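query.txt, holding compact mmCIF, N, CA and C atoms:
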# COMPACT_ATOMS: atom_id res chain seq x y z
N MET A 120 -6.29 47.15 -42.35
CA MET A 120 -6.09 48.57 -42.28
C MET A 120 -6.82 49.28 -43.43
N LYS A 121 -6.77 48.68 -44.63
CA LYS A 121 -7.45 49.28 -45.78
C LYS A 121 -8.96 49.30 -45.56
N ARG A 122 -9.48 48.25 -44.91
CA ARG A 122 -10.93 48.22 -44.61
C ARG A 122 -11.33 49.34 -43.67
N LEU A 123 -10.50 49.56 -42.67
CA LEU A 123 -10.77 50.62 -41.70
C LEU A 123 -10.77 51.98 -42.40
N ALA A 124 -9.78 52.22 -43.24
CA ALA A 124 -9.71 53.48 -43.98
C ALA A 124 -10.91 53.64 -44.90
N ALA A 125 -11.29 52.56 -45.57
CA ALA A 125 -12.46 52.61 -46.46
C ALA A 125 -13.73 52.90 -45.66
N GLY A 126 -13.83 52.30 -44.50
CA GLY A 126 -15.00 52.54 -43.64
C GLY A 126 -15.11 53.98 -43.22
N PHE A 127 -13.98 54.58 -42.85
CA PHE A 127 -13.99 56.00 -42.48
C PHE A 127 -14.34 56.88 -43.67
N ALA A 128 -13.86 56.52 -44.84
CA ALA A 128 -14.18 57.29 -46.04
C ALA A 128 -15.67 57.27 -46.33
N VAL A 129 -16.30 56.09 -46.19
CA VAL A 129 -17.74 55.97 -46.41
C VAL A 129 -18.50 56.80 -45.39
N LEU A 130 -18.10 56.74 -44.12
CA LEU A 130 -18.77 57.53 -43.08
C LEU A 130 -18.63 59.02 -43.36
N ALA A 131 -17.46 59.44 -43.81
CA ALA A 131 -17.25 60.86 -44.12
C ALA A 131 -18.16 61.29 -45.25
N LEU A 132 -18.28 60.47 -46.28
CA LEU A 132 -19.15 60.81 -47.41
C LEU A 132 -20.61 60.87 -46.99
N LEU A 133 -21.03 59.92 -46.17
CA LEU A 133 -22.41 59.93 -45.70
C LEU A 133 -22.71 61.16 -44.87
N GLY A 134 -21.79 61.56 -44.03
CA GLY A 134 -21.99 62.72 -43.18
C GLY A 134 -21.90 64.04 -43.92
N ALA A 135 -21.27 64.05 -45.08
CA ALA A 135 -21.08 65.30 -45.82
C ALA A 135 -22.39 65.93 -46.25
N GLY A 136 -23.39 65.15 -46.52
CA GLY A 136 -24.65 65.71 -46.97
C GLY A 136 -25.67 65.90 -45.88
N CYS A 137 -25.33 65.56 -44.67
CA CYS A 137 -26.31 65.61 -43.59
C CYS A 137 -25.95 66.70 -42.61
N GLY A 138 -26.80 67.66 -42.47
CA GLY A 138 -26.64 68.68 -41.44
C GLY A 138 -27.76 68.49 -40.44
N SER A 139 -27.65 69.12 -39.30
CA SER A 139 -28.74 69.01 -38.34
C SER A 139 -29.87 69.92 -38.79
N ALA A 140 -31.10 69.48 -38.59
CA ALA A 140 -32.25 70.28 -39.00
C ALA A 140 -32.30 71.55 -38.16
N LYS A 141 -32.53 72.66 -38.80
CA LYS A 141 -32.64 73.93 -38.11
C LYS A 141 -34.09 74.36 -38.18
N GLN A 142 -34.64 74.75 -37.10
CA GLN A 142 -36.04 75.14 -37.06
C GLN A 142 -36.17 76.63 -37.32
N ALA A 143 -37.35 77.03 -37.77
CA ALA A 143 -37.60 78.42 -38.11
C ALA A 143 -37.28 79.35 -36.96
N GLU A 144 -37.53 78.91 -35.73
CA GLU A 144 -37.31 79.79 -34.59
C GLU A 144 -35.82 80.05 -34.35
N THR A 145 -34.92 79.33 -35.02
CA THR A 145 -33.50 79.57 -34.84
C THR A 145 -32.98 80.67 -35.78
N VAL A 146 -33.85 81.24 -36.59
CA VAL A 146 -33.46 82.34 -37.46
C VAL A 146 -33.84 83.64 -36.76
N PRO A 147 -32.88 84.30 -36.13
CA PRO A 147 -33.20 85.51 -35.39
C PRO A 147 -33.88 86.56 -36.27
N GLY A 148 -35.01 87.05 -35.82
CA GLY A 148 -35.74 88.07 -36.56
C GLY A 148 -36.51 87.54 -37.75
N GLY A 149 -36.57 86.22 -37.90
CA GLY A 149 -37.25 85.64 -39.05
C GLY A 149 -38.68 85.24 -38.78
N ASP A 150 -39.57 85.59 -39.68
CA ASP A 150 -40.98 85.23 -39.62
C ASP A 150 -41.30 84.37 -40.84
N PRO A 151 -41.53 83.05 -40.64
CA PRO A 151 -41.75 82.17 -41.79
C PRO A 151 -42.95 82.57 -42.66
N ASP A 152 -44.00 83.08 -42.06
CA ASP A 152 -45.16 83.50 -42.85
C ASP A 152 -44.80 84.66 -43.78
N ARG A 153 -44.06 85.61 -43.25
CA ARG A 153 -43.60 86.73 -44.07
C ARG A 153 -42.62 86.23 -45.13
N GLY A 154 -41.79 85.25 -44.76
CA GLY A 154 -40.85 84.67 -45.70
C GLY A 154 -41.54 84.05 -46.91
N LYS A 155 -42.64 83.36 -46.67
CA LYS A 155 -43.39 82.76 -47.78
C LYS A 155 -43.93 83.85 -48.70
N GLU A 156 -44.45 84.92 -48.12
CA GLU A 156 -44.94 86.04 -48.94
C GLU A 156 -43.82 86.63 -49.79
N LEU A 157 -42.64 86.76 -49.21
CA LEU A 157 -41.50 87.32 -49.93
C LEU A 157 -41.02 86.39 -51.04
N ILE A 158 -41.05 85.09 -50.78
CA ILE A 158 -40.67 84.10 -51.80
C ILE A 158 -41.58 84.25 -53.02
N VAL A 159 -42.86 84.43 -52.76
CA VAL A 159 -43.81 84.64 -53.86
C VAL A 159 -43.53 85.99 -54.54
N GLY A 160 -43.37 87.02 -53.76
CA GLY A 160 -43.16 88.36 -54.29
C GLY A 160 -41.89 88.50 -55.12
N TYR A 161 -40.82 87.86 -54.69
CA TYR A 161 -39.57 87.94 -55.44
C TYR A 161 -39.50 86.93 -56.59
N GLY A 162 -40.50 86.07 -56.69
CA GLY A 162 -40.54 85.12 -57.80
C GLY A 162 -39.54 83.99 -57.70
N CYS A 163 -39.18 83.60 -56.49
CA CYS A 163 -38.19 82.54 -56.28
C CYS A 163 -38.61 81.22 -56.94
N GLY A 164 -39.92 81.00 -57.00
CA GLY A 164 -40.45 79.77 -57.58
C GLY A 164 -40.27 79.67 -59.08
N GLY A 165 -39.87 80.75 -59.73
CA GLY A 165 -39.57 80.68 -61.15
C GLY A 165 -38.32 79.86 -61.43
N CYS A 166 -37.43 79.80 -60.44
CA CYS A 166 -36.18 79.04 -60.60
C CYS A 166 -36.10 77.82 -59.67
N HIS A 167 -36.82 77.87 -58.54
CA HIS A 167 -36.72 76.82 -57.54
C HIS A 167 -38.06 76.12 -57.31
N THR A 168 -37.99 74.84 -56.98
CA THR A 168 -39.15 74.11 -56.50
C THR A 168 -39.18 74.26 -54.98
N ILE A 169 -40.32 74.73 -54.45
CA ILE A 169 -40.45 74.95 -53.02
C ILE A 169 -41.85 74.48 -52.63
N SER A 170 -41.93 73.38 -51.90
CA SER A 170 -43.26 72.89 -51.52
C SER A 170 -43.94 73.90 -50.61
N GLY A 171 -45.25 73.97 -50.75
CA GLY A 171 -46.03 74.90 -49.96
C GLY A 171 -46.17 76.27 -50.58
N VAL A 172 -45.48 76.51 -51.69
CA VAL A 172 -45.56 77.80 -52.37
C VAL A 172 -46.17 77.55 -53.74
N ASP A 173 -47.37 78.09 -53.96
CA ASP A 173 -48.05 77.90 -55.24
C ASP A 173 -47.18 78.40 -56.40
N GLY A 174 -47.07 77.57 -57.42
CA GLY A 174 -46.33 77.95 -58.62
C GLY A 174 -44.82 77.85 -58.50
N ALA A 175 -44.32 77.43 -57.34
CA ALA A 175 -42.87 77.32 -57.16
C ALA A 175 -42.42 75.94 -57.65
N ASP A 176 -42.28 75.85 -58.97
CA ASP A 176 -41.91 74.56 -59.56
C ASP A 176 -40.79 74.73 -60.59
N GLY A 177 -39.95 75.74 -60.37
CA GLY A 177 -38.84 76.01 -61.27
C GLY A 177 -37.79 74.91 -61.23
N ARG A 178 -37.06 74.81 -62.32
CA ARG A 178 -36.03 73.77 -62.45
C ARG A 178 -34.65 74.34 -62.76
N VAL A 179 -34.48 75.65 -62.63
CA VAL A 179 -33.19 76.27 -62.92
C VAL A 179 -32.25 76.08 -61.73
N GLY A 180 -32.72 76.44 -60.54
CA GLY A 180 -31.94 76.28 -59.32
C GLY A 180 -32.34 75.01 -58.59
N PRO A 181 -31.67 74.72 -57.50
CA PRO A 181 -31.98 73.50 -56.76
C PRO A 181 -33.34 73.56 -56.07
N GLU A 182 -33.89 72.38 -55.82
CA GLU A 182 -35.10 72.27 -55.01
C GLU A 182 -34.74 72.73 -53.60
N LEU A 183 -35.63 73.49 -52.97
CA LEU A 183 -35.30 74.07 -51.67
C LEU A 183 -35.96 73.38 -50.49
N ASP A 184 -36.66 72.28 -50.72
CA ASP A 184 -37.20 71.51 -49.60
C ASP A 184 -36.05 70.86 -48.84
N ASP A 185 -36.20 70.74 -47.56
CA ASP A 185 -35.19 70.13 -46.69
C ASP A 185 -33.84 70.83 -46.74
N ILE A 186 -33.83 72.11 -47.04
CA ILE A 186 -32.56 72.84 -47.09
C ILE A 186 -31.87 72.83 -45.72
N ALA A 187 -32.64 72.74 -44.65
CA ALA A 187 -32.05 72.75 -43.32
C ALA A 187 -31.20 71.51 -43.06
N ARG A 188 -31.41 70.47 -43.82
CA ARG A 188 -30.65 69.24 -43.63
C ARG A 188 -29.36 69.20 -44.46
N ARG A 189 -29.14 70.19 -45.27
CA ARG A 189 -27.94 70.21 -46.11
C ARG A 189 -26.74 70.73 -45.32
N ARG A 190 -25.59 70.26 -45.69
CA ARG A 190 -24.36 70.67 -45.00
C ARG A 190 -23.89 72.05 -45.48
N TYR A 191 -24.04 72.31 -46.79
CA TYR A 191 -23.52 73.55 -47.37
C TYR A 191 -24.60 74.30 -48.14
N ILE A 192 -24.40 75.60 -48.24
CA ILE A 192 -25.22 76.48 -49.06
C ILE A 192 -24.35 76.88 -50.24
N ALA A 193 -24.88 76.74 -51.43
CA ALA A 193 -24.16 77.10 -52.66
C ALA A 193 -22.85 76.33 -52.80
N GLY A 194 -22.76 75.20 -52.13
CA GLY A 194 -21.56 74.38 -52.21
C GLY A 194 -20.35 74.99 -51.54
N GLN A 195 -20.54 76.11 -50.81
CA GLN A 195 -19.39 76.83 -50.26
C GLN A 195 -19.53 77.24 -48.81
N LEU A 196 -20.72 77.60 -48.40
CA LEU A 196 -20.93 78.12 -47.05
C LEU A 196 -21.51 77.05 -46.13
N GLU A 197 -21.00 76.98 -44.91
CA GLU A 197 -21.61 76.11 -43.92
C GLU A 197 -23.07 76.53 -43.77
N ASN A 198 -23.96 75.56 -43.67
CA ASN A 198 -25.38 75.84 -43.59
C ASN A 198 -25.76 76.34 -42.19
N THR A 199 -25.83 77.65 -42.07
CA THR A 199 -26.29 78.30 -40.84
C THR A 199 -27.34 79.33 -41.23
N PRO A 200 -28.19 79.74 -40.30
CA PRO A 200 -29.18 80.77 -40.64
C PRO A 200 -28.54 82.05 -41.16
N GLU A 201 -27.45 82.47 -40.55
CA GLU A 201 -26.79 83.71 -40.99
C GLU A 201 -26.24 83.56 -42.41
N ASN A 202 -25.63 82.42 -42.70
CA ASN A 202 -25.08 82.21 -44.04
C ASN A 202 -26.16 82.09 -45.10
N LEU A 203 -27.27 81.44 -44.76
CA LEU A 203 -28.36 81.35 -45.73
C LEU A 203 -28.92 82.74 -46.02
N ALA A 204 -29.12 83.54 -44.97
CA ALA A 204 -29.61 84.90 -45.17
C ALA A 204 -28.62 85.71 -46.02
N HIS A 205 -27.33 85.54 -45.76
CA HIS A 205 -26.31 86.25 -46.55
C HIS A 205 -26.38 85.83 -48.02
N TRP A 206 -26.49 84.54 -48.28
CA TRP A 206 -26.58 84.04 -49.66
C TRP A 206 -27.79 84.61 -50.37
N ILE A 207 -28.93 84.62 -49.71
CA ILE A 207 -30.16 85.13 -50.30
C ILE A 207 -30.02 86.62 -50.62
N MET A 208 -29.38 87.34 -49.72
CA MET A 208 -29.25 88.79 -49.85
C MET A 208 -28.21 89.19 -50.89
N ASP A 209 -27.10 88.45 -50.97
CA ASP A 209 -26.01 88.87 -51.84
C ASP A 209 -25.27 87.65 -52.41
N PRO A 210 -25.92 86.90 -53.30
CA PRO A 210 -25.30 85.66 -53.80
C PRO A 210 -23.98 85.89 -54.54
N LYS A 211 -23.84 87.01 -55.21
CA LYS A 211 -22.60 87.28 -55.97
C LYS A 211 -21.40 87.50 -55.05
N ALA A 212 -21.64 87.92 -53.82
CA ALA A 212 -20.54 88.08 -52.87
C ALA A 212 -19.98 86.72 -52.46
N VAL A 213 -20.83 85.70 -52.47
CA VAL A 213 -20.41 84.35 -52.13
C VAL A 213 -19.77 83.68 -53.33
N ASP A 214 -20.41 83.80 -54.48
CA ASP A 214 -19.93 83.17 -55.70
C ASP A 214 -20.18 84.11 -56.88
N PRO A 215 -19.14 84.83 -57.31
CA PRO A 215 -19.32 85.78 -58.40
C PRO A 215 -19.83 85.15 -59.71
N ASN A 216 -19.67 83.85 -59.86
CA ASN A 216 -20.09 83.17 -61.08
C ASN A 216 -21.45 82.50 -60.98
N THR A 217 -22.14 82.70 -59.87
CA THR A 217 -23.45 82.07 -59.71
C THR A 217 -24.46 82.65 -60.70
N VAL A 218 -25.42 81.82 -61.07
CA VAL A 218 -26.51 82.33 -61.91
C VAL A 218 -27.65 82.89 -61.06
N MET A 219 -27.55 82.71 -59.75
CA MET A 219 -28.58 83.28 -58.88
C MET A 219 -28.47 84.80 -58.92
N PRO A 220 -29.58 85.46 -59.27
CA PRO A 220 -29.52 86.92 -59.38
C PRO A 220 -29.57 87.62 -58.03
N ASP A 221 -29.02 88.81 -58.00
CA ASP A 221 -29.16 89.69 -56.84
C ASP A 221 -30.50 90.40 -57.02
N LEU A 222 -31.47 90.04 -56.20
CA LEU A 222 -32.82 90.58 -56.33
C LEU A 222 -33.07 91.81 -55.47
N GLY A 223 -32.05 92.25 -54.73
CA GLY A 223 -32.24 93.40 -53.86
C GLY A 223 -32.94 93.05 -52.55
N VAL A 224 -32.84 91.80 -52.14
CA VAL A 224 -33.45 91.36 -50.88
C VAL A 224 -32.71 92.03 -49.73
N THR A 225 -33.45 92.61 -48.81
CA THR A 225 -32.84 93.27 -47.65
C THR A 225 -32.47 92.24 -46.58
N ARG A 226 -31.67 92.66 -45.62
CA ARG A 226 -31.27 91.75 -44.53
C ARG A 226 -32.50 91.22 -43.79
N PRO A 227 -33.44 92.07 -43.35
CA PRO A 227 -34.62 91.52 -42.65
C PRO A 227 -35.42 90.55 -43.54
N GLU A 228 -35.57 90.89 -44.81
CA GLU A 228 -36.30 90.01 -45.72
C GLU A 228 -35.59 88.66 -45.87
N SER A 229 -34.26 88.69 -45.95
CA SER A 229 -33.52 87.45 -46.10
C SER A 229 -33.70 86.55 -44.87
N ARG A 230 -33.84 87.13 -43.72
CA ARG A 230 -34.07 86.34 -42.49
C ARG A 230 -35.47 85.71 -42.52
N HIS A 231 -36.45 86.43 -43.01
CA HIS A 231 -37.80 85.88 -43.12
C HIS A 231 -37.81 84.71 -44.11
N ILE A 232 -37.15 84.88 -45.25
CA ILE A 232 -37.09 83.82 -46.26
C ILE A 232 -36.37 82.60 -45.69
N ALA A 233 -35.26 82.83 -45.01
CA ALA A 233 -34.53 81.72 -44.39
C ALA A 233 -35.39 80.99 -43.36
N ALA A 234 -36.15 81.74 -42.58
CA ALA A 234 -37.02 81.13 -41.58
C ALA A 234 -38.06 80.22 -42.25
N TYR A 235 -38.61 80.65 -43.36
CA TYR A 235 -39.57 79.81 -44.08
C TYR A 235 -38.87 78.55 -44.61
N LEU A 236 -37.73 78.72 -45.25
CA LEU A 236 -37.05 77.58 -45.84
C LEU A 236 -36.58 76.58 -44.78
N TYR A 237 -36.09 77.05 -43.66
CA TYR A 237 -35.67 76.15 -42.59
C TYR A 237 -36.85 75.41 -41.97
N GLY A 238 -38.01 75.99 -42.04
CA GLY A 238 -39.20 75.35 -41.49
C GLY A 238 -39.79 74.28 -42.41
N ARG A 239 -39.22 74.09 -43.60
CA ARG A 239 -39.75 73.15 -44.61
C ARG A 239 -39.09 71.79 -44.51
N THR A 240 -38.70 71.33 -43.34
CA THR A 240 -38.06 70.03 -43.21
C THR A 240 -39.06 68.91 -43.13
For the file at hand, write its structure as structure tokens.
Amino acid sequence: MKRLAAGFAVLALLGAGCGSAKQAETVPGGDPDRGKELIVGYGCGGCHTISGVDGADGRVGPELDDIARRRYIAGQLENTPENLAHWIMDPKAVDPNTVMPDLGVTRPESRHIAAYLYGRT
């Protein structure tokens, strides 16, 4: 019985970090090319490493490659296109203690950025 319980615990831990990959086209209203431009314009690479974005080699925030495969955003939100866009647009609403700044990203811009990040799998 203890082996069975231990086996389920291991499976639960393995599944906790794995989400299904979300493709850019699943972000309603999102344009990945525009998202890349916005990532550069807002200076996201100063804090994050993002492959495909010149100069995006920051080490303050998490690396953003394969974000579509993660289970949670900011350790709190289920990883969905809407939640990622919400986090990008208003991180303090999700976690008042986050060091991620509110950059004034608009809702449409957050969808473009999410579309780019989800396409980086």
Exercise. Select, from A:Gly238, A:Pro200, A:Gly223, A:Gly180, the residue with the minimum atom-to-atom distance to Pro147 of chain A, counting only N, CA and C atoms.
Key: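 Using only N, CA and C atoms, the shortest distance to Pro147 of chain A belongs to A:Pro200.
When only C-alpha atoms are used to compute distances to Arg239 of chain A, the closest of the residues A:Arg153, A:Ile158, A:Asp185, A:Gly165 turns out to be A:Asp185.
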Those in segment 142-235 of chain A with helix (DSSP H, G or I) from DSSP, as number ranges by chain:
A: 143-145, 151-161, 163-165, 186-188, 200-208, 210-213, 226-235
Selection from above, N, CA and C atoms, as a CSV table (one decimal), in the frame of the given file, can you write it?
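Output saved as result.csv:
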chain,number,residue,atom,x,y,z
A,143,ALA,N,-37.4,77.0,-37.8
A,143,ALA,CA,-37.6,78.4,-38.1
A,143,ALA,C,-37.3,79.4,-37.0
A,144,GLU,N,-37.5,78.9,-35.7
A,144,GLU,CA,-37.3,79.8,-34.6
A,144,GLU,C,-35.8,80.0,-34.4
A,145,THR,N,-34.9,79.3,-35.0
A,145,THR,CA,-33.5,79.6,-34.8
A,145,THR,C,-33.0,80.7,-35.8
A,151,PRO,N,-41.5,83.0,-40.6
A,151,PRO,CA,-41.8,82.2,-41.8
A,151,PRO,C,-43.0,82.6,-42.7
A,152,ASP,N,-44.0,83.1,-42.1
A,152,ASP,CA,-45.2,83.5,-42.8
A,152,ASP,C,-44.8,84.7,-43.8
A,153,ARG,N,-44.1,85.6,-43.2
A,153,ARG,CA,-43.6,86.7,-44.1
A,153,ARG,C,-42.6,86.2,-45.1
A,154,GLY,N,-41.8,85.2,-44.8
A,154,GLY,CA,-40.8,84.7,-45.7
A,154,GLY,C,-41.5,84.0,-46.9
A,155,LYS,N,-42.6,83.4,-46.7
A,155,LYS,CA,-43.4,82.8,-47.8
A,155,LYS,C,-43.9,83.8,-48.7
A,156,GLU,N,-44.4,84.9,-48.1
A,156,GLU,CA,-44.9,86.0,-48.9
A,156,GLU,C,-43.8,86.6,-49.8
A,157,LEU,N,-42.6,86.8,-49.2
A,157,LEU,CA,-41.5,87.3,-49.9
A,157,LEU,C,-41.0,86.4,-51.0
A,158,ILE,N,-41.0,85.1,-50.8
A,158,ILE,CA,-40.7,84.1,-51.8
A,158,ILE,C,-41.6,84.2,-53.0
A,159,VAL,N,-42.9,84.4,-52.8
A,159,VAL,CA,-43.8,84.6,-53.9
A,159,VAL,C,-43.5,86.0,-54.5
A,160,GLY,N,-43.4,87.0,-53.8
A,160,GLY,CA,-43.2,88.4,-54.3
A,160,GLY,C,-41.9,88.5,-55.1
A,161,TYR,N,-40.8,87.9,-54.7
A,161,TYR,CA,-39.6,87.9,-55.4
A,161,TYR,C,-39.5,86.9,-56.6
A,163,CYS,N,-39.2,83.6,-56.5
A,163,CYS,CA,-38.2,82.5,-56.3
A,163,CYS,C,-38.6,81.2,-56.9
A,164,GLY,N,-39.9,81.0,-57.0
A,164,GLY,CA,-40.4,79.8,-57.6
A,164,GLY,C,-40.3,79.7,-59.1
A,165,GLY,N,-39.9,80.8,-59.7
A,165,GLY,CA,-39.6,80.7,-61.2
A,165,GLY,C,-38.3,79.9,-61.4
A,186,ILE,N,-33.8,72.1,-47.0
A,186,ILE,CA,-32.6,72.8,-47.1
A,186,ILE,C,-31.9,72.8,-45.7
A,187,ALA,N,-32.6,72.7,-44.6
A,187,ALA,CA,-32.0,72.8,-43.3
A,187,ALA,C,-31.2,71.5,-43.1
A,188,ARG,N,-31.4,70.5,-43.8
A,188,ARG,CA,-30.6,69.2,-43.6
A,188,ARG,C,-29.4,69.2,-44.5
A,200,PRO,N,-28.2,79.7,-40.3
A,200,PRO,CA,-29.2,80.8,-40.6
A,200,PRO,C,-28.5,82.0,-41.2
A,201,GLU,N,-27.4,82.5,-40.6
A,201,GLU,CA,-26.8,83.7,-41.0
A,201,GLU,C,-26.2,83.6,-42.4
A,202,ASN,N,-25.6,82.4,-42.7
A,202,ASN,CA,-25.1,82.2,-44.0
A,202,ASN,C,-26.2,82.1,-45.1
A,203,LEU,N,-27.3,81.4,-44.8
A,203,LEU,CA,-28.4,81.4,-45.7
A,203,LEU,C,-28.9,82.7,-46.0
A,204,ALA,N,-29.1,83.5,-45.0
A,204,ALA,CA,-29.6,84.9,-45.2
A,204,ALA,C,-28.6,85.7,-46.0
A,205,HIS,N,-27.3,85.5,-45.8
A,205,HIS,CA,-26.3,86.2,-46.6
A,205,HIS,C,-26.4,85.8,-48.0
A,206,TRP,N,-26.5,84.5,-48.3
A,206,TRP,CA,-26.6,84.0,-49.7
A,206,TRP,C,-27.8,84.6,-50.4
A,207,ILE,N,-28.9,84.6,-49.7
A,207,ILE,CA,-30.2,85.1,-50.3
A,207,ILE,C,-30.0,86.6,-50.6
A,208,MET,N,-29.4,87.3,-49.7
A,208,MET,CA,-29.2,88.8,-49.8
A,208,MET,C,-28.2,89.2,-50.9
A,210,PRO,N,-25.9,86.9,-53.3
A,210,PRO,CA,-25.3,85.7,-53.8
A,210,PRO,C,-24.0,85.9,-54.5
A,211,LYS,N,-23.8,87.0,-55.2
A,211,LYS,CA,-22.6,87.3,-56.0
A,211,LYS,C,-21.4,87.5,-55.0
A,212,ALA,N,-21.6,87.9,-53.8
A,212,ALA,CA,-20.5,88.1,-52.9
A,212,ALA,C,-20.0,86.7,-52.5
A,213,VAL,N,-20.8,85.7,-52.5
A,213,VAL,CA,-20.4,84.4,-52.1
A,213,VAL,C,-19.8,83.7,-53.3
A,226,ARG,N,-31.7,92.7,-45.6
A,226,ARG,CA,-31.3,91.8,-44.5
A,226,ARG,C,-32.5,91.2,-43.8
A,227,PRO,N,-33.4,92.1,-43.4
A,227,PRO,CA,-34.6,91.5,-42.6
A,227,PRO,C,-35.4,90.6,-43.5
A,228,GLU,N,-35.6,90.9,-44.8
A,228,GLU,CA,-36.3,90.0,-45.7
A,228,GLU,C,-35.6,88.7,-45.9
A,229,SER,N,-34.3,88.7,-46.0
A,229,SER,CA,-33.5,87.4,-46.1
A,229,SER,C,-33.7,86.6,-44.9
A,230,ARG,N,-33.8,87.1,-43.7
A,230,ARG,CA,-34.1,86.3,-42.5
A,230,ARG,C,-35.5,85.7,-42.5
A,231,HIS,N,-36.4,86.4,-43.0
A,231,HIS,CA,-37.8,85.9,-43.1
A,231,HIS,C,-37.8,84.7,-44.1
A,232,ILE,N,-37.2,84.9,-45.2
A,232,ILE,CA,-37.1,83.8,-46.3
A,232,ILE,C,-36.4,82.6,-45.7
A,233,ALA,N,-35.3,82.8,-45.0
A,233,ALA,CA,-34.5,81.7,-44.4
A,233,ALA,C,-35.4,81.0,-43.4
A,234,ALA,N,-36.2,81.7,-42.6
A,234,ALA,CA,-37.0,81.1,-41.6
A,234,ALA,C,-38.1,80.2,-42.2
A,235,TYR,N,-38.6,80.6,-43.4
A,235,TYR,CA,-39.6,79.8,-44.1
A,235,TYR,C,-38.9,78.6,-44.6
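Closest approach to Ala175 of chain A from the set A:Lys155, A:His205, A:Lys211, A:Arg230 is made by A:Lys155, with distances taken over only C-alpha atoms.
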Students should find that atom CA of Tyr161 of chain A and atom CA of Glu228 of chain A are spaced 10.5 Å
In Å and to one decimal, atom N of Gly177 of chain A is distant from atom N of Val159 of chain A by 11.9 Å
Between A:Asp209, A:Asp173, A:Glu197, A:Asp152, which residue has the minimum interatomic distance to Leu222 of chain A, considering all atoms listed in the file?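 Using all atoms listed in the file, Leu222 of chain A sits closest to A:Asp209.
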Gly171 of chain A proximity check over A:Ala187, A:Leu196, A:Gly154, A:Arg226, using only C-alpha atoms: winner is A:Gly154
